[in-house]
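A.B. asks: Just dropping this structure here.
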Amino acid sequence: MTEALATNLQPDWEGRRRVASDHLDELRRVRGVAKLEGRAFDSRQIVEAEAELDAIAAAQVEAERRRREEQEAAAQAKRVELRANLTETMDARSKAITEAELATYKLASALEQLLATSRDVSRIIQALGHSAPMSMEENSVKLRASLRMAAILGPVCGNAFGRISFPVARGPHLADGTSLLDSWHDSDALKIASDLSKVITAEKTP
């Protein structure tokens with residue numbers, strides 16, 4: 001682990017450049033003193049120190065170039081990843097639109113059937129000599145259906161979805177008195193049970 005950490009550490013090129021520059025300045029000072037005092041001085045030390053300083057400067061430039069290349073490679077890899085993610089997300093979005101469209105058509109068809117069969121029930125009951133039940137009136141059917149749809153869509157849409165508004169449908173019971181614990185089918189069955197039982201009981205009576 002220690003070796004791996006040491007390998008990943010970048011050399012302090014700026015620090016090394018300062019040390020090399022200070023060393024070169026010191027050698028030049030010593031050379032000046034030697035000249036002043038008439039002593040010999042090996043100028044190869046200065047040549048070597050200058051070469052070392054140049055090498056450090058070149059290494060620093062190369063290290064910076066590699067760092068920029070690595071950053072650009074990482075940024076490019078990230079862009080490739082994001083493009084792939086964008087493609088996947090757009091595919092999922094397109095699928096959601098298609099499913100939403102099909103579900104909306106299916107809902108429209110089911111609601112049309114709900115209203116039509118409610119009218120049929122009322123006509124049949126009237127044909128049996130009874131008054132059409134209030135629970136089967138179109139406004140009543142639409143109210144119960146709207147509350148149920150709002151309860152289902154509410155967690156996603158809130159009280160509105162764009163320009164479509166929904167009635168408030170929160171709490172254990174909806175505005176029509178039905179329980180949210182019951183399914184739409186079961187709650188509706190309970191709501192119309194009283195009206196239908198009157199007709200069915202009357203028909204069974206001799």
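By order of appearance in the structure tokens: chains A, B, ..., then residues from 1 within every chain, and ligands from 1 in the order shown.
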Apply DSSP to the structure's backbone, then extract all residues of segment 27-206 of chain A labelled strand (DSSP E or B) and return them as a PyMOL selection string.
C.D. replies: chain A and resi 160-161+164-165+173+179
A.B. asks: Would you mind listing what lies within 9 Å of Met149 of chain A as a list in words, with only C-alpha atoms counted and same-chain residues fewer than 4 positions away left out?
C.D. replies: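 Using only C-alpha atoms, the neighbours found are Arg144, Ala145, Leu153, Gly154, Phe166, Ala169 and Trp184 of chain A.
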A.B. asks: Put those residues in a file: all heavy atoms, as a compact mmCIF listing (two decimals), in the first residue's frame.
C.D. replies:
# COMPACT_ATOMS: atom_id res chain seq x y z
N ARG A 144 -66.97 10.10 -8.77
CA ARG A 144 -66.28 8.99 -8.12
C ARG A 144 -65.03 8.58 -8.90
O ARG A 144 -63.97 8.31 -8.32
CB ARG A 144 -67.22 7.79 -7.96
CG ARG A 144 -68.42 8.05 -7.06
CD ARG A 144 -69.07 6.75 -6.58
NE ARG A 144 -69.48 5.88 -7.69
CZ ARG A 144 -70.65 5.98 -8.33
NH1 ARG A 144 -71.51 6.95 -7.99
NH2 ARG A 144 -70.97 5.14 -9.28
N ALA A 145 -65.15 8.56 -10.22
CA ALA A 145 -64.00 8.18 -11.05
C ALA A 145 -62.87 9.21 -10.92
O ALA A 145 -61.69 8.85 -10.84
CB ALA A 145 -64.43 8.04 -12.50
N LEU A 153 -53.12 9.17 -9.34
CA LEU A 153 -52.15 10.04 -10.00
C LEU A 153 -51.52 11.05 -9.05
O LEU A 153 -50.44 11.58 -9.34
CB LEU A 153 -52.84 10.79 -11.14
CG LEU A 153 -53.35 9.92 -12.30
CD1 LEU A 153 -54.17 10.77 -13.26
CD2 LEU A 153 -52.20 9.26 -13.03
N GLY A 154 -52.18 11.32 -7.94
CA GLY A 154 -51.71 12.34 -7.01
C GLY A 154 -50.26 12.21 -6.58
O GLY A 154 -49.53 13.21 -6.58
N PHE A 166 -56.62 18.13 -10.85
CA PHE A 166 -57.25 17.01 -10.16
C PHE A 166 -57.83 17.48 -8.83
O PHE A 166 -57.29 18.38 -8.19
CB PHE A 166 -56.23 15.90 -9.88
CG PHE A 166 -55.50 15.42 -11.09
CD1 PHE A 166 -54.20 15.85 -11.35
CD2 PHE A 166 -56.09 14.55 -11.98
CE1 PHE A 166 -53.52 15.41 -12.47
CE2 PHE A 166 -55.43 14.11 -13.10
CZ PHE A 166 -54.13 14.53 -13.34
N ALA A 169 -57.31 14.53 -3.23
CA ALA A 169 -57.66 13.15 -2.85
C ALA A 169 -56.63 12.63 -1.88
O ALA A 169 -55.72 11.88 -2.23
CB ALA A 169 -57.74 12.27 -4.10
N TRP A 184 -60.64 0.57 -6.50
CA TRP A 184 -61.65 1.37 -7.20
C TRP A 184 -62.91 0.52 -7.43
O TRP A 184 -64.03 0.97 -7.17
CB TRP A 184 -61.06 1.85 -8.53
CG TRP A 184 -61.92 2.79 -9.35
CD1 TRP A 184 -63.24 3.08 -9.16
CD2 TRP A 184 -61.49 3.55 -10.47
NE1 TRP A 184 -63.67 3.97 -10.11
CE2 TRP A 184 -62.62 4.29 -10.93
CE3 TRP A 184 -60.28 3.69 -11.15
CZ2 TRP A 184 -62.55 5.13 -12.03
CZ3 TRP A 184 -60.21 4.53 -12.24
CH2 TRP A 184 -61.34 5.25 -12.68
A.B. asks: When you look at Pro172 of chain A with a cut-off of 12 Å (counting only C-alpha atoms), what residues show up, excluding the ones that are within fewer than 6 positions of it in the same chain? I need them as a list in words.
C.D. replies: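 Once the nearby chain positions are removed, what remains is Ala151, Thr178, Ser179, Leu180, Leu181 and Asp182 of chain A.
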A.B. asks: Write the residues of the preceding selection, restricted to N, CA, C and O atoms, as a PDB file, in the first residue's frame.
C.D. replies:
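Below is the file again_24.pdb, written as the result:
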ATOM      1  N   ALA A 151     -56.519  10.028  -6.750  1.00  0.00           N
ATOM      2  CA  ALA A 151     -55.813   9.302  -5.693  1.00  0.00           C
ATOM      3  C   ALA A 151     -54.657   8.485  -6.268  1.00  0.00           C
ATOM      4  O   ALA A 151     -53.599   8.339  -5.644  1.00  0.00           O
ATOM      5  N   THR A 178     -65.673   7.041   0.309  1.00  0.00           N
ATOM      6  CA  THR A 178     -65.085   5.713   0.116  1.00  0.00           C
ATOM      7  C   THR A 178     -63.688   5.660   0.713  1.00  0.00           C
ATOM      8  O   THR A 178     -63.003   6.680   0.841  1.00  0.00           O
ATOM      9  N   SER A 179     -63.253   4.465   1.059  1.00  0.00           N
ATOM     10  CA  SER A 179     -61.946   4.278   1.689  1.00  0.00           C
ATOM     11  C   SER A 179     -60.862   4.078   0.640  1.00  0.00           C
ATOM     12  O   SER A 179     -61.039   3.343  -0.335  1.00  0.00           O
ATOM     13  N   LEU A 180     -59.721   4.736   0.870  1.00  0.00           N
ATOM     14  CA  LEU A 180     -58.591   4.557  -0.040  1.00  0.00           C
ATOM     15  C   LEU A 180     -57.986   3.161   0.067  1.00  0.00           C
ATOM     16  O   LEU A 180     -57.239   2.741  -0.809  1.00  0.00           O
ATOM     17  N   LEU A 181     -58.304   2.451   1.151  1.00  0.00           N
ATOM     18  CA  LEU A 181     -57.807   1.094   1.307  1.00  0.00           C
ATOM     19  C   LEU A 181     -58.496   0.134   0.354  1.00  0.00           C
ATOM     20  O   LEU A 181     -57.963  -0.936   0.034  1.00  0.00           O
ATOM     21  N   ASP A 182     -59.691   0.499  -0.087  1.00  0.00           N
ATOM     22  CA  ASP A 182     -60.437  -0.344  -1.031  1.00  0.00           C
ATOM     23  C   ASP A 182     -59.995  -0.051  -2.458  1.00  0.00           C
ATOM     24  O   ASP A 182     -59.587   1.067  -2.778  1.00  0.00           O
TER      25      ASP A 182
END
A.B. asks: If you run DSSP on the backbone, which residues of segment 43-194 of chain A are helix (DSSP H, G or I), as an NGL selection string?
C.D. replies: :A and (44-127 or 134-136 or 138-157 or 184-194)
A.B. asks: Identify which of the residues A:Thr201, A:Gln71, A:Ser118, A:Gln126 lies closest to Lys142 of chain A, counting only C-alpha atoms when measuring atom-to-atom distances.
C.D. replies: A:Ser118
A.B. asks: Let me make sure I understand: among A:Leu24, A:Ala92, A:Leu86, A:Ala175, which one has the smallest atom-to-atom distance to Gln45 of chain A if we use only C-alpha atoms?
C.D. replies: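 Nearest candidate to Gln45 of chain A out of A:Leu24, A:Ala92, A:Leu86, A:Ala175: A:Leu24.
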A.B. asks: Find the residue from A:Ala108, A:Leu36, A:Leu102, A:Ile192 that sits nearest to Val141 of chain A; use only C-alpha atoms when measuring.
C.D. replies: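 Checking each candidate against Val141 of chain A, we get A:Ile192 as the closest.
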A.B. asks: Extract, using only C-alpha atoms, all DNA, RNA and protein residues at most 10 Å from Asp42 of chain A, discarding same-chain residues fewer than 5 positions from it, and format them as a PyMOL selection string.
C.D. replies: chain A and resi 27+31+34+47
A.B. asks: Would you mind exporting the chosen residues as a PDB file, in the first residue's frame, restricted to all heavy atoms?
C.D. replies:
ATOM      1  N   LEU A  27      26.840  28.388  -6.517  1.00  0.00           N
ATOM      2  CA  LEU A  27      28.071  28.052  -7.262  1.00  0.00           C
ATOM      3  C   LEU A  27      28.647  29.281  -7.957  1.00  0.00           C
ATOM      4  O   LEU A  27      29.862  29.489  -7.983  1.00  0.00           O
ATOM      5  CB  LEU A  27      27.788  26.955  -8.287  1.00  0.00           C
ATOM      6  CG  LEU A  27      27.575  25.543  -7.723  1.00  0.00           C
ATOM      7  CD1 LEU A  27      27.177  24.582  -8.837  1.00  0.00           C
ATOM      8  CD2 LEU A  27      28.842  25.036  -7.021  1.00  0.00           C
ATOM      9  N   ARG A  31      32.219  30.908  -7.356  1.00  0.00           N
ATOM     10  CA  ARG A  31      33.139  31.181  -8.457  1.00  0.00           C
ATOM     11  C   ARG A  31      33.629  32.625  -8.405  1.00  0.00           C
ATOM     12  O   ARG A  31      34.805  32.917  -8.642  1.00  0.00           O
ATOM     13  CB  ARG A  31      32.459  30.898  -9.802  1.00  0.00           C
ATOM     14  CG  ARG A  31      33.392  31.124 -11.000  1.00  0.00           C
ATOM     15  CD  ARG A  31      32.677  30.815 -12.293  1.00  0.00           C
ATOM     16  NE  ARG A  31      31.513  31.672 -12.524  1.00  0.00           N
ATOM     17  CZ  ARG A  31      30.744  31.602 -13.620  1.00  0.00           C
ATOM     18  NH1 ARG A  31      31.008  30.699 -14.565  1.00  0.00           N
ATOM     19  NH2 ARG A  31      29.708  32.414 -13.745  1.00  0.00           N
ATOM     20  N   ALA A  34      36.151  32.907  -5.653  1.00  0.00           N
ATOM     21  CA  ALA A  34      37.416  32.290  -6.061  1.00  0.00           C
ATOM     22  C   ALA A  34      38.175  33.206  -7.011  1.00  0.00           C
ATOM     23  O   ALA A  34      39.410  33.351  -6.917  1.00  0.00           O
ATOM     24  CB  ALA A  34      37.133  30.936  -6.721  1.00  0.00           C
ATOM     25  N   VAL A  47      28.334  24.280 -15.086  1.00  0.00           N
ATOM     26  CA  VAL A  47      27.750  23.699 -16.298  1.00  0.00           C
ATOM     27  C   VAL A  47      26.771  22.577 -15.922  1.00  0.00           C
ATOM     28  O   VAL A  47      25.656  22.487 -16.449  1.00  0.00           O
ATOM     29  CB  VAL A  47      28.851  23.164 -17.241  1.00  0.00           C
ATOM     30  CG1 VAL A  47      28.224  22.394 -18.413  1.00  0.00           C
ATOM     31  CG2 VAL A  47      29.715  24.304 -17.746  1.00  0.00           C
TER      32      VAL A  47
END
A.B. asks: Pick out the closest residue to Met136 of chain A from this set: A:Ala100, A:Leu196, A:Ala110, A:Ile164. Count only C-alpha atoms.
C.D. replies: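 Of A:Ala100, A:Leu196, A:Ala110, A:Ile164, the one nearest Met136 of chain A, counting only C-alpha atoms, is A:Leu196.
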A.B. asks: List the spatial neighbours of Leu143 of chain A as an mmCIF file with all heavy atoms, in the first residue's frame - criterion: any atom at most 9 Å away, only C-alpha atoms, same-chain residues fewer than 5 positions off excluded.
C.D. replies:
data_model
loop_
_atom_site.group_PDB
_atom_site.id
_atom_site.type_symbol
_atom_site.label_atom_id
_atom_site.label_comp_id
_atom_site.auth_asym_id
_atom_site.auth_seq_id
_atom_site.Cartn_x
_atom_site.Cartn_y
_atom_site.Cartn_z
ATOM 1 N N GLU A 138 -74.587 10.328 -14.545
ATOM 2 C CA GLU A 138 -73.262 10.560 -15.142
ATOM 3 C C GLU A 138 -72.368 11.424 -14.273
ATOM 4 O O GLU A 138 -71.179 11.137 -14.097
ATOM 5 C CB GLU A 138 -73.422 11.194 -16.529
ATOM 6 C CG GLU A 138 -72.094 11.316 -17.278
ATOM 7 C CD GLU A 138 -72.270 11.633 -18.741
ATOM 8 O OE1 GLU A 138 -72.886 10.815 -19.456
ATOM 9 O OE2 GLU A 138 -71.785 12.699 -19.166
ATOM 10 N N ARG A 148 -60.980 8.764 -7.696
ATOM 11 C CA ARG A 148 -60.116 7.582 -7.741
ATOM 12 C C ARG A 148 -58.879 7.836 -8.606
ATOM 13 O O ARG A 148 -57.767 7.462 -8.252
ATOM 14 C CB ARG A 148 -60.895 6.379 -8.272
ATOM 15 C CG ARG A 148 -61.807 5.752 -7.253
ATOM 16 C CD ARG A 148 -61.002 5.024 -6.182
ATOM 17 N NE ARG A 148 -61.733 4.969 -4.922
ATOM 18 C CZ ARG A 148 -61.293 4.319 -3.848
ATOM 19 N NH1 ARG A 148 -60.133 3.703 -3.874
ATOM 20 N NH2 ARG A 148 -61.992 4.333 -2.739
ATOM 21 N N ASP A 176 -66.052 11.304 -1.524
ATOM 22 C CA ASP A 176 -67.337 10.603 -1.662
ATOM 23 C C ASP A 176 -67.563 9.606 -0.523
ATOM 24 O O ASP A 176 -68.519 8.837 -0.551
ATOM 25 C CB ASP A 176 -67.417 9.893 -3.020
ATOM 26 C CG ASP A 176 -66.347 8.839 -3.184
ATOM 27 O OD1 ASP A 176 -65.448 8.736 -2.307
ATOM 28 O OD2 ASP A 176 -66.375 8.110 -4.193
#
A.B. asks: Pick the closest to Ile125 of chain A from A:Asp195, A:Asp188, A:Asp12, A:Asp91: which is it, counting only C-alpha atoms?
C.D. replies: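 Looking only at the distances to Ile125 of chain A, the closest residue turns out to be A:Asp195.
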A.B. asks: Closest to Met134 of chain A among A:Ala193, A:Ala74, A:Ile56, A:Val168, using only C-alpha atoms?
C.D. replies: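 Closest to Met134 of chain A of all the choices is A:Ala193.
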